[in-house]
$ cat start_33.cif   # mmCIF, C-alpha atoms
data_my_file
loop_
_atom_site.label_atom_id
_atom_site.label_comp_id
_atom_site.auth_asym_id
_atom_site.auth_seq_id
_atom_site.Cartn_x
_atom_site.Cartn_y
_atom_site.Cartn_z
CA MET A 926 0.00 0.00 0.00
CA LEU A 927 1.35 3.42 -0.95
CA ASP A 928 2.28 5.76 1.89
CA LEU A 929 0.43 8.70 0.35
CA PRO A 930 1.22 11.37 3.00
CA ARG A 931 4.92 10.59 2.85
CA ILE A 932 5.04 10.59 -0.96
CA LYS A 933 3.23 13.93 -1.10
CA ALA A 934 5.59 15.43 1.46
CA VAL A 935 8.76 14.18 -0.26
CA LEU A 936 7.69 15.29 -3.73
CA GLY A 937 6.51 18.66 -2.47
CA LYS A 938 9.90 19.19 -0.87
CA ALA A 939 11.80 17.96 -3.93
CA ALA A 940 9.77 20.14 -6.32
CA TYR A 941 10.85 23.17 -4.29
CA LEU A 942 14.41 22.31 -3.23
CA ASP A 943 15.85 20.31 -6.16
CA MET A 944 16.90 22.69 -8.92
CA ASP A 945 19.60 20.70 -10.72
CA PHE A 946 17.70 17.42 -11.23
CA PRO A 947 20.51 14.87 -10.77
CA ILE A 948 18.02 11.98 -10.96
CA PHE A 949 17.87 10.74 -14.55
CA GLY A 950 14.83 12.13 -16.36
CA SER A 951 13.58 14.26 -13.47
CA CYS A 952 14.28 17.39 -15.52
CA CYS A 953 11.12 16.49 -17.48
CA HIS A 954 8.60 16.34 -14.63
CA THR A 955 10.58 18.39 -12.02
CA HIS A 956 8.99 16.26 -9.26
CA LEU A 957 5.57 17.77 -10.00
CA LEU A 958 2.38 15.74 -10.26
CA HIS A 959 -0.56 16.46 -12.55
CA PRO A 960 -3.96 17.00 -10.89
CA PRO A 961 -5.48 13.69 -9.71
CA LEU A 962 -7.85 11.75 -11.93
CA ALA A 963 -11.48 12.02 -10.86
CA GLU A 964 -12.72 8.85 -9.16
CA GLU A 965 -15.93 8.88 -11.19
CA THR A 966 -13.98 9.09 -14.46
CA LEU A 967 -11.83 6.10 -13.55
CA ALA A 968 -14.80 4.12 -12.25
CA ALA A 969 -16.67 4.72 -15.51
CA TRP A 970 -13.68 3.47 -17.53
CA GLU A 971 -13.33 0.37 -15.35
CA GLU A 972 -17.01 -0.44 -15.79
CA LEU A 973 -16.84 0.10 -19.56
CA MET A 974 -13.70 -2.01 -20.00
CA GLN A 975 -14.52 -4.54 -17.29
CA ILE A 976 -11.04 -4.00 -15.86
CA SER A 977 -10.20 -3.19 -12.25
CA LEU A 978 -6.90 -1.33 -11.99
CA PRO A 979 -4.42 -2.59 -9.36
CA ALA A 980 -4.93 -0.77 -6.04
CA ASP A 981 -1.56 1.02 -5.74
CA TYR A 982 -1.64 2.37 -9.27
CA ARG A 983 -5.24 3.41 -8.75
CA SER A 984 -4.23 5.32 -5.60
CA TYR A 985 -1.44 7.06 -7.50
CA LEU A 986 -3.92 8.28 -10.12
CA THR A 987 -6.75 9.38 -7.84
CA ALA A 988 -4.93 10.51 -4.68
CA LEU A 989 -1.54 11.74 -5.93
CA GLY A 990 -1.76 12.77 -9.57
CA ASN A 991 -2.70 11.58 -13.03
CA GLY A 992 0.90 11.30 -14.21
CA GLY A 993 3.98 13.44 -13.84
CA ALA A 994 6.50 12.79 -11.07
CA GLY A 995 7.91 9.28 -11.08
CA PRO A 996 10.94 7.24 -12.12
CA ALA A 997 13.04 8.47 -15.06
CA TYR A 998 11.01 10.74 -17.37
CA GLY A 999 7.92 10.34 -15.20
CA ILE A 1000 4.67 8.39 -15.26
CA SER A 1001 2.37 9.01 -18.21
CA PRO A 1002 -1.15 10.29 -17.63
CA PHE A 1003 -3.90 7.69 -17.70
CA LEU A 1004 -6.02 8.63 -20.72
CA CYS A 1005 -8.72 5.96 -20.35
CA PRO A 1006 -7.46 3.78 -23.24
CA LEU A 1007 -9.95 1.57 -25.06
CA GLU A 1008 -7.49 -0.86 -26.68
CA GLU A 1009 -8.77 -4.42 -26.83
CA VAL A 1010 -5.25 -5.78 -26.17
CA LEU A 1011 -5.69 -4.70 -22.54
CA LEU A 1012 -8.41 -7.32 -22.17
CA GLU A 1013 -6.29 -10.17 -23.53
CA PRO A 1014 -4.70 -12.59 -21.03
CA THR A 1015 -1.03 -11.78 -20.56
CA VAL A 1016 1.56 -14.49 -21.13
CA LEU A 1017 3.63 -12.92 -18.33
CA SER A 1018 2.03 -15.25 -15.82
CA ASP A 1019 2.77 -18.49 -14.00
CA GLN A 1020 -0.26 -20.07 -15.70
CA SER A 1021 1.28 -19.34 -19.12
CA GLU A 1022 4.87 -20.41 -18.50
CA ALA A 1023 5.01 -22.83 -21.44
CA GLU A 1024 3.45 -20.27 -23.79
CA PHE A 1025 5.82 -17.55 -22.63
CA ASP A 1026 8.83 -19.83 -23.19
CA ARG A 1027 7.60 -20.73 -26.67
CA LEU A 1028 7.05 -17.09 -27.66
CA SER A 1029 10.34 -16.07 -26.09
CA ARG A 1030 12.24 -18.59 -28.22
CA GLN A 1031 10.46 -17.43 -31.36
CA TRP A 1032 11.08 -13.74 -30.62
CA TYR A 1033 14.75 -14.53 -29.93
CA ASP A 1034 14.97 -16.31 -33.29
CA TYR A 1035 13.15 -13.46 -35.03
CA ALA A 1036 15.49 -10.84 -33.52
CA ASN A 1037 18.57 -12.77 -34.65
CA GLU A 1038 17.43 -14.05 -38.03
CA ASP A 1039 19.00 -13.07 -41.35
CA VAL A 1040 16.02 -11.72 -43.23
CA TYR A 1041 17.81 -11.86 -46.59
CA GLU A 1042 18.60 -15.54 -46.16
CA LEU A 1043 14.97 -16.16 -45.27
CA TYR A 1044 13.88 -14.36 -48.44
CA LYS A 1045 16.28 -16.45 -50.51
CA ALA A 1046 14.76 -19.62 -49.03
CA TYR A 1047 11.28 -18.27 -49.79
CA CYS A 1048 12.24 -17.64 -53.41
CA LEU A 1049 13.70 -21.15 -53.79
CA HIS A 1050 10.43 -22.70 -52.69
CA THR A 1051 8.07 -20.33 -54.53
CA GLU A 1052 7.29 -20.35 -58.22
CA GLU A 1053 8.73 -17.31 -59.99
CA GLY A 1054 5.40 -15.98 -61.19
CA THR A 1055 3.91 -15.97 -57.69
CA ARG A 1056 6.89 -14.58 -55.74
CA LEU A 1057 6.44 -11.37 -53.83
CA PRO A 1058 9.03 -8.59 -54.20
CA PHE A 1059 11.33 -8.40 -51.20
CA GLN A 1060 9.67 -5.36 -49.62
CA ALA A 1061 6.16 -6.84 -49.92
CA TRP A 1062 7.41 -10.17 -48.53
CA ASP A 1063 9.24 -8.41 -45.67
CA ASN A 1064 6.10 -6.43 -44.77
CA GLN A 1065 4.06 -9.60 -44.75
CA HIS A 1066 6.70 -11.33 -42.61
CA TRP A 1067 6.64 -8.47 -40.08
CA GLU A 1068 2.84 -8.36 -39.94
CA GLU A 1069 2.79 -12.06 -39.11
CA CYS A 1070 5.41 -11.61 -36.36
CA ASP A 1071 3.56 -8.57 -35.04
CA ARG A 1072 0.33 -10.53 -34.74
CA THR A 1073 1.69 -13.81 -33.39
CA LEU A 1074 4.74 -12.67 -31.36
CA ARG A 1075 4.93 -8.96 -30.62
CA ALA A 1076 1.33 -8.47 -29.52
CA PRO A 1077 1.24 -11.41 -27.07
CA LEU A 1078 4.67 -10.62 -25.58
CA PHE A 1079 4.54 -6.83 -25.41
CA GLN A 1080 0.87 -5.81 -25.42
CA TYR A 1081 -1.62 -8.38 -24.13
CA GLY A 1082 -2.84 -7.42 -20.66
CA GLN A 1083 -0.19 -4.70 -20.29
CA LEU A 1084 -0.88 -1.00 -19.66
CA PHE A 1085 1.82 1.50 -20.68
CA LEU A 1086 3.15 3.41 -17.67
CA ALA A 1087 6.33 5.22 -18.60
CA ASN A 1088 9.32 5.58 -20.85
CA GLN A 1089 12.63 4.89 -19.12
CA GLY A 1090 14.79 6.26 -21.91
CA CYS A 1091 15.17 5.45 -25.61
CA SER A 1092 12.92 2.47 -26.35
CA HIS A 1093 12.89 1.12 -22.80
CA ASP A 1094 9.29 1.20 -21.55
CA VAL A 1095 7.50 0.14 -18.39
CA PHE A 1096 4.10 -1.58 -18.42
CA LEU A 1097 1.67 -2.59 -15.67
CA LEU A 1098 0.29 -6.14 -15.76
CA LEU A 1099 -3.52 -6.05 -15.63
CA ASN A 1100 -4.17 -9.76 -15.21
CA GLY A 1101 -2.44 -13.08 -14.58
CA SER A 1102 -0.55 -14.36 -11.55
CA HIS A 1103 1.51 -11.16 -11.31
CA ARG A 1104 -1.27 -8.62 -11.79
CA GLY A 1105 -0.14 -5.22 -10.49
CA MET A 1106 3.54 -5.85 -11.17
CA CYS A 1107 5.64 -3.63 -13.43
CA ASN A 1108 7.24 -5.12 -16.51
CA TYR A 1109 10.35 -3.54 -18.05
CA SER A 1110 10.01 -3.98 -21.79
CA ASN A 1111 12.22 -3.24 -24.77
CA GLU A 1112 11.18 -4.41 -28.21
CA GLU A 1113 14.49 -3.49 -29.85
CA TYR A 1114 16.37 -6.32 -28.19
CA ASP A 1115 16.01 -10.05 -28.29
CA TYR A 1116 14.43 -11.94 -25.41
CA SER A 1117 17.80 -13.34 -24.36
CA TYR A 1118 19.41 -14.27 -21.07
CA PRO A 1119 21.63 -12.74 -19.82
CA PHE A 1120 20.00 -9.56 -21.02
CA TRP A 1121 21.31 -7.58 -23.99
CA TYR A 1122 23.24 -5.13 -21.79
CA GLU A 1123 25.10 -7.88 -19.91
CA LYS A 1124 28.21 -9.51 -21.34
CA ALA A 1125 27.78 -13.12 -22.30
CA ALA A 1126 29.66 -15.44 -24.61
CA HIS A 1127 26.53 -17.39 -25.43
CA ARG A 1128 22.95 -16.26 -25.31
CA GLN A 1129 19.72 -18.15 -25.27
CA ALA A 1130 16.04 -17.31 -25.12
CA ILE A 1131 14.98 -16.17 -21.66
CA THR A 1132 12.65 -18.44 -19.66
CA TRP A 1133 9.68 -17.35 -17.59
CA PRO A 1134 11.37 -17.96 -14.20
CA GLN A 1135 14.28 -15.78 -15.32
CA TYR A 1136 12.01 -13.02 -16.61
CA ARG A 1137 9.71 -13.22 -13.60
CA GLY A 1138 12.66 -12.24 -11.41
CA THR A 1139 12.80 -8.83 -13.12
CA LEU A 1140 9.23 -7.80 -12.23
CA LEU A 1141 8.64 -5.09 -9.61
CA SER A 1142 5.53 -4.12 -7.69
CA PHE A 1143 4.19 -0.66 -8.56
CA GLU A 1144 4.95 0.42 -5.00
CA SER A 1145 8.61 -0.64 -5.33
CA TYR A 1146 8.87 0.96 -8.75
CA LEU A 1147 7.56 4.31 -7.48
CA MET A 1148 9.19 4.31 -4.05
CA ARG A 1149 12.66 3.74 -5.48
CA TYR A 1150 12.30 7.14 -7.14
CA VAL A 1151 10.78 8.70 -4.00
CA HIS A 1152 13.80 7.52 -1.96
CA GLN A 1153 16.15 9.04 -4.54
CA ALA A 1154 14.29 12.36 -4.42
CA GLU A 1155 14.49 12.34 -0.65
CA GLU A 1156 18.23 11.70 -0.76
CA VAL A 1157 18.79 14.54 -3.24
CA CYS A 1158 17.12 17.01 -0.88
CA ALA A 1159 18.97 15.69 2.17
CA SER A 1160 22.36 15.90 0.45
CA LEU A 1161 22.17 19.54 -0.67
CA SER A 1162 25.18 21.46 0.58
CA PRO A 1163 24.77 24.78 2.41
CA GLU A 1164 26.27 26.50 -0.63
CA LYS A 1165 23.71 24.92 -2.96
CA LYS A 1166 20.85 25.77 -0.63
CA GLU A 1167 21.97 29.40 -0.56
CA GLN A 1168 22.38 29.51 -4.35
CA PHE A 1169 18.96 27.98 -4.99
CA HIS A 1170 17.29 30.31 -2.47
CA ARG A 1171 18.80 33.33 -4.22
CA GLU A 1172 17.75 32.04 -7.64
CA ARG A 1173 14.16 31.45 -6.52
CA LEU A 1174 13.91 35.07 -5.36
CA GLU A 1175 15.40 36.26 -8.67
CA VAL A 1176 12.91 34.20 -10.68
CA LEU A 1177 9.93 35.56 -8.76
CA GLU A 1178 11.24 39.12 -9.14
CA PHE A 1179 11.78 38.56 -12.87
CA TYR A 1180 8.26 37.17 -13.28
CA GLU A 1181 6.80 40.17 -11.48
CA ALA A 1182 8.68 42.52 -13.84
CA ILE A 1183 7.32 40.55 -16.84
CA GLN A 1184 3.77 40.83 -15.52
CA GLU A 1185 4.17 44.57 -14.97
CA LYS A 1186 5.80 44.99 -18.40
CA ASN A 1187 8.77 46.58 -16.67
CA TRP A 1188 11.11 45.96 -19.59
CA ASP A 1189 13.92 48.11 -18.18
CA GLY A 1190 13.81 46.02 -15.02
CA VAL A 1191 13.83 42.81 -17.07
CA CYS A 1192 16.89 43.93 -19.02
CA SER A 1193 18.67 45.03 -15.83
CA MET A 1194 18.18 41.57 -14.34
CA LEU A 1195 19.32 39.78 -17.51
CA ALA A 1196 22.44 41.96 -17.58
CA VAL A 1197 23.69 40.69 -14.20
CA LEU A 1198 22.65 37.03 -14.49
CA SER A 1199 25.30 34.46 -15.47
CA PRO A 1200 23.67 31.58 -17.42
CA PRO A 1201 26.54 29.09 -16.86
CA ALA A 1202 26.16 29.48 -13.10
CA LEU A 1203 22.39 29.05 -13.02
CA SER A 1204 20.67 25.87 -11.92
CA THR A 1205 18.89 23.75 -14.51
CA LYS A 1206 15.50 24.77 -13.13
CA SER A 1207 16.25 28.50 -13.35
CA ARG A 1208 17.62 28.09 -16.87
CA ARG A 1209 14.37 26.44 -17.87
CA PHE A 1210 12.36 29.34 -16.45
CA TYR A 1211 14.33 31.94 -18.41
CA LEU A 1212 14.23 29.84 -21.58
CA TYR A 1213 10.44 29.95 -21.42
CA TYR A 1214 10.58 33.67 -22.17
CA GLU A 1215 13.33 33.59 -24.80
CA GLU A 1216 11.20 33.97 -27.93
CA MET A 1217 8.95 36.59 -26.42
CA LEU A 1218 11.77 38.75 -25.06
CA GLU A 1219 13.98 38.58 -28.15
CA SER A 1220 10.99 39.66 -30.23
CA ARG A 1221 9.63 42.34 -27.94
CA LEU A 1222 13.06 43.70 -26.94
CA SER A 1223 14.85 43.22 -30.26
CA GLY A 1224 16.55 46.58 -29.95
CA ARG A 1225 18.05 45.82 -26.53
CA PRO A 1226 21.39 43.96 -26.27
CA GLU A 1227 20.70 42.27 -22.90
CA PRO A 1228 18.27 39.52 -24.02
CA SER A 1229 20.39 38.59 -27.04
CA ARG A 1230 23.57 38.39 -24.96
CA PHE A 1231 21.87 36.43 -22.18
CA TYR A 1232 20.34 33.79 -24.45
CA GLN A 1233 23.45 33.43 -26.60
CA GLU A 1234 25.41 32.71 -23.44
CA MET A 1235 22.67 30.31 -22.36
CA ARG A 1236 23.10 28.31 -25.57
CA ARG A 1237 26.89 28.29 -25.34
CA SER A 1238 26.66 26.80 -21.85
CA HIS A 1239 24.19 24.08 -22.90
CA ARG A 1240 24.02 21.05 -20.56
CA TYR A 1241 23.03 17.47 -21.26
CA ASN A 1242 19.75 17.88 -19.33
CA ASP A 1243 19.11 21.41 -20.53
CA PRO A 1244 16.02 21.36 -22.79
CA GLU A 1245 16.34 22.84 -26.26
CA SER A 1246 12.94 24.30 -25.61
CA CYS A 1247 11.75 24.24 -22.03
CA TYR A 1248 9.85 21.02 -21.28
CA ILE A 1249 6.75 22.94 -20.31
CA GLN A 1250 3.43 21.31 -21.16
CA GLY A 1251 2.10 22.57 -24.47
CA VAL A 1252 5.38 24.34 -25.33
CA ASP A 1253 7.85 21.51 -25.76
CA GLN A 1254 6.67 18.94 -28.31
CA SER A 1255 9.07 16.15 -27.37
CA SER A 1256 8.05 12.72 -26.10
CA CYS A 1257 8.24 14.20 -22.58
CA ASP A 1258 5.41 16.66 -23.21
CA GLU A 1259 2.67 14.62 -21.56
CA VAL A 1260 4.56 14.30 -18.25
CA CYS A 1261 5.75 17.92 -18.18
CA PRO A 1262 4.14 20.33 -15.74
CA SER A 1263 2.10 23.30 -16.84
CA PHE A 1264 3.94 26.60 -16.67
CA GLU A 1265 1.66 27.69 -13.83
CA ALA A 1266 2.55 24.63 -11.74
CA PHE A 1267 6.24 24.99 -12.62
CA LEU A 1268 6.24 28.66 -11.59
CA GLN A 1269 4.45 27.87 -8.34
CA SER A 1270 7.23 25.46 -7.37
CA PHE A 1271 9.60 28.44 -6.96
CA SER A 1272 7.49 29.56 -3.99
CA PRO A 1273 7.65 27.72 -0.64
CA PRO A 1274 5.10 24.89 -0.36
CA GLU A 1275 2.13 25.36 1.93
CA ASP A 1276 3.33 22.58 4.24
CA PRO A 1277 6.54 23.53 6.10
CA LEU A 1278 9.68 21.75 4.89
#

$ encode --input "start_33.cif" --output "structure tokens"
Amino acid sequence: MLDLPRIKAVLGKAAYLDMDFPIFGSCCHTHLLHPPLAEETLAAWEELMQISLPADYRSYLTALGNGGAGPAYGISPFLCPLEEVLLEPTVLSDQSEAEFDRLSRQWYDYANEDVYELYKAYCLHTEEGTRLPFQAWDNQHWEECDRTLRAPLFQYGQLFLANQGCSHDVFLLLNGSHRGMCNYSNEEYDYSYPFWYEKAAHRQAITWPQYRGTLLSFESYLMRYVHQAEEVCASLSPEKKEQFHRERLEVLEFYEAIQEKNWDGVCSMLAVLSPPALSTKSRRFYLYYEEMLESRLSGRPEPSRFYQEMRRSHRYNDPESCYIQGVDQSSCDEVCPSFEAFLQSFSPPEDPL
């Protein structure tokens, strides 16, 4: 069972105190949750689909937030999906061990096959007048694998939760012996053991007992991130705390000048700020106004100088745009906070830290 008060307290503290986002992917969601999903909305979906969501995930959606803060890039909002694959029995289950092992072997073979050799064999056994061109044959071959292998292994009974980076996704099992467990999935790699990222002289298709050992409960999946966020806040040095406190005051003063259209004040602040020294969170805030300021204040040197220096000091987790919902159009957009929520996180939370 999720410790909701503790999670809320830790994330509220992290959203305010953490401004450099050392946890991988946290620069997308900035430890902020979306508004919770209405209980009646979720109940209506469950009745329509005849699916009951696992209790911990349900609590996350209705008591914490409908997506946002979570491991890596964050947890995706629940959009009441109507896909029929969610109703299918998952093969990631003790009751389907033999079926899982069979599909695992076939996916392993598919991932390691030489498609050109297969096409040659097809041509040898097919009369010339009835042969498909390579591209048509390859498409047909993929459609068959998609239907008989990919869908059962990667989709049946599995609800998408989050992207962990590149093509590494996390799904929640909706049925079977391990209902409510999180499944780390990556379609780009073969179902081999040891896994693709581990060194091994010889590989073989993974078995269900081996794969079962990789599953995590939703609580464990979420709380691992919550512990990390807590550690980040606890490990801030006095110097970092002082820097972040100063930056928060500067951001709020800058925002006030923007609202008042005090353009001289805006330029005065930009003139003394040093982009390379700013935290990632502050940089994101100022990037939000880049286009507007360089257009409105095109005759002033301060915005141009400031944003040129910002680009020259680009960091690996510095967004090219600003990862604000509706502004950045990357794959992170759905877990990003609104600008209003992001701005609010520069002010002290209502509950004392």

$ residues_around --input "start_33.cif" --residues "Ala997 of chain A" --least-positions-apart "5" --cutoff "12 Å" --atoms "all atoms listed in the file" --output "number ranges by chain"
A: 946-956, 1086-1091, 1093-1095, 1146-1147, 1149-1151, 1153-1154, 1257, 1260

$ atom_distance --input "start_33.cif" --atom1 "atom CA of Cys1192 of chain A" --atom2 "atom CA of Thr1205 of chain A"
20.8 Å

$ atom_distance --input "start_33.cif" --atom1 "atom CA of Gln1135 of chain A" --atom2 "atom CA of Ser1029 of chain A"
11.5 Å

$ residues_near_point --input "start_33.cif" --point "(20.0, 29.1, -7.3)" --cutoff "9 Å" --atoms "all atoms listed in the file" --output "tab-separated table (two decimals) with C-alpha atoms, in the coordinates of the input"
chain	number	residue	atom	x	y	z
A	944	MET	CA	16.90	22.69	-8.92
A	1165	LYS	CA	23.71	24.92	-2.96
A	1166	LYS	CA	20.85	25.77	-0.63
A	1167	GLU	CA	21.97	29.40	-0.56
A	1168	GLN	CA	22.38	29.51	-4.35
A	1169	PHE	CA	18.96	27.98	-4.99
A	1170	HIS	CA	17.29	30.31	-2.47
A	1171	ARG	CA	18.80	33.33	-4.22
A	1172	GLU	CA	17.75	32.04	-7.64
A	1173	ARG	CA	14.16	31.45	-6.52
A	1174	LEU	CA	13.91	35.07	-5.36
A	1175	GLU	CA	15.40	36.26	-8.67
A	1202	ALA	CA	26.16	29.48	-13.10
A	1203	LEU	CA	22.39	29.05	-13.02
A	1204	SER	CA	20.67	25.87	-11.92
A	1206	LYS	CA	15.50	24.77	-13.13
A	1207	SER	CA	16.25	28.50	-13.35

$ closest_residue --input "start_33.cif" --among "A:Leu958, A:Met1148, A:Leu927, A:Tyr1044" --to "Ala1061 of chain A" --atoms "only C-alpha atoms"
A:Tyr1044

$ atom_distance --input "start_33.cif" --atom1 "atom CA of Pro1262 of chain A" --atom2 "atom CA of His959 of chain A"
6.9 Å

$ residues_around --input "start_33.cif" --residues "Tyr1180 of chain A" --least-positions-apart "6" --cutoff "12 Å" --atoms "all atoms listed in the file" --output "PyMOL selection string"
chain A and resi 1173-1174+1186-1188+1190-1191+1194+1207+1210-1211+1213-1214+1264-1265+1268-1269+1271

$ resolve_selection --input "start_33.cif" --expression "the PyMOL selection byres ((chain A and resi 1219-1226) around 10)" --output "list in words"
Trp1188, Asp1189, Val1191, Cys1192, Leu1195, Ala1196, Tyr1214, Glu1215, Glu1216, Met1217, Leu1218, Glu1227, Pro1228, Ser1229, Arg1230, Phe1231 and Tyr1232 of chain A

$ closest_residue --input "start_33.cif" --among "A:Asn1100, A:Arg1027, A:Tyr985, A:Gln1060" --to "Thr1073 of chain A" --atoms "only C-alpha atoms"
A:Arg1027

$ resolve_selection --input "start_33.cif" --expression "the PyMOL selection byres ((chain A and resi 1035) around 12)" --output "list in words"
Leu1028, Ser1029, Arg1030, Gln1031, Trp1032, Tyr1033, Asp1034, Ala1036, Asn1037, Glu1038, Asp1039, Val1040, Leu1043, His1066, Trp1067, Glu1069, Cys1070, Asp1071, Thr1073, Leu1074, Arg1075, Glu1112, Glu1113, Tyr1114, Asp1115, Tyr1116, Ser1117 and Ala1130 of chain A

$ write_last_selection --input "start_33.cif" --atoms "C-alpha atoms" --output "PDB file, in the coordinates of the input"
ATOM      1  CA  LEU A1028       7.050 -17.090 -27.660  1.00  0.00           C
ATOM      2  CA  SER A1029      10.340 -16.070 -26.090  1.00  0.00           C
ATOM      3  CA  ARG A1030      12.240 -18.590 -28.220  1.00  0.00           C
ATOM      4  CA  GLN A1031      10.460 -17.430 -31.360  1.00  0.00           C
ATOM      5  CA  TRP A1032      11.080 -13.740 -30.620  1.00  0.00           C
ATOM      6  CA  TYR A1033      14.750 -14.530 -29.930  1.00  0.00           C
ATOM      7  CA  ASP A1034      14.970 -16.310 -33.290  1.00  0.00           C
ATOM      8  CA  ALA A1036      15.490 -10.840 -33.520  1.00  0.00           C
ATOM      9  CA  ASN A1037      18.570 -12.770 -34.650  1.00  0.00           C
ATOM     10  CA  GLU A1038      17.430 -14.050 -38.030  1.00  0.00           C
ATOM     11  CA  ASP A1039      19.000 -13.070 -41.350  1.00  0.00           C
ATOM     12  CA  VAL A1040      16.020 -11.720 -43.230  1.00  0.00           C
ATOM     13  CA  LEU A1043      14.970 -16.160 -45.270  1.00  0.00           C
ATOM     14  CA  HIS A1066       6.700 -11.330 -42.610  1.00  0.00           C
ATOM     15  CA  TRP A1067       6.640  -8.470 -40.080  1.00  0.00           C
ATOM     16  CA  GLU A1069       2.790 -12.060 -39.110  1.00  0.00           C
ATOM     17  CA  CYS A1070       5.410 -11.610 -36.360  1.00  0.00           C
ATOM     18  CA  ASP A1071       3.560  -8.570 -35.040  1.00  0.00           C
ATOM     19  CA  THR A1073       1.690 -13.810 -33.390  1.00  0.00           C
ATOM     20  CA  LEU A1074       4.740 -12.670 -31.360  1.00  0.00           C
ATOM     21  CA  ARG A1075       4.930  -8.960 -30.620  1.00  0.00           C
ATOM     22  CA  GLU A1112      11.180  -4.410 -28.210  1.00  0.00           C
ATOM     23  CA  GLU A1113      14.490  -3.490 -29.850  1.00  0.00           C
ATOM     24  CA  TYR A1114      16.370  -6.320 -28.190  1.00  0.00           C
ATOM     25  CA  ASP A1115      16.010 -10.050 -28.290  1.00  0.00           C
ATOM     26  CA  TYR A1116      14.430 -11.940 -25.410  1.00  0.00           C
ATOM     27  CA  SER A1117      17.800 -13.340 -24.360  1.00  0.00           C
ATOM     28  CA  ALA A1130      16.040 -17.310 -25.120  1.00  0.00           C
TER      29      ALA A1130
END

$ axis_aligned_box --input "start_33.cif" --around "segment 1052-1057 of chain A" --padding-each-side "5 Å" --output "lines of an AutoDock Vina configuration file"
center_x = 6.3
center_y = -15.9
center_z = -57.5
size_x = 14.8
size_y = 19.0
size_z = 17.4

$ closest_residue --input "start_33.cif" --among "A:Lys1045, A:Arg1056, A:Arg1104, A:Lys938" --to "Asp981 of chain A" --atoms "only C-alpha atoms"
A:Arg1104

$ closest_residue --input "start_33.cif" --among "A:Gly1138, A:Pro1201, A:Pro1273, A:Gly1101" --to "Val1016 of chain A" --atoms "only C-alpha atoms"
A:Gly1101

$ resolve_selection --input "start_33.cif" --expression "the PyMOL selection byres ((chain A and resi 1077) around 10)" --output "list in words"
Val1010, Glu1013, Pro1014, Thr1015, Val1016, Leu1017, Glu1024, Phe1025, Leu1028, Asp1071, Arg1072, Thr1073, Leu1074, Arg1075, Ala1076, Leu1078, Phe1079, Gln1080, Tyr1081, Gly1082 and Gln1083 of chain A

$ closest_residue --input "start_33.cif" --among "A:Ser1238, A:Ser1272, A:Thr987, A:Ser1018" --to "Leu1099 of chain A" --atoms "all atoms listed in the file"
A:Ser1018

$ residues_around --input "start_33.cif" --residues "Pro961 of chain A" --least-positions-apart "3" --cutoff "12 Å" --atoms "only C-alpha atoms" --output "PyMOL selection string"
chain A and resi 957-958+964-967+982-993+1002-1003

$ closest_residue --input "start_33.cif" --among "A:Leu1198, A:Leu929, A:Ala963, A:Ile1000" --to "Cys1261 of chain A" --atoms "all atoms listed in the file"
A:Ile1000
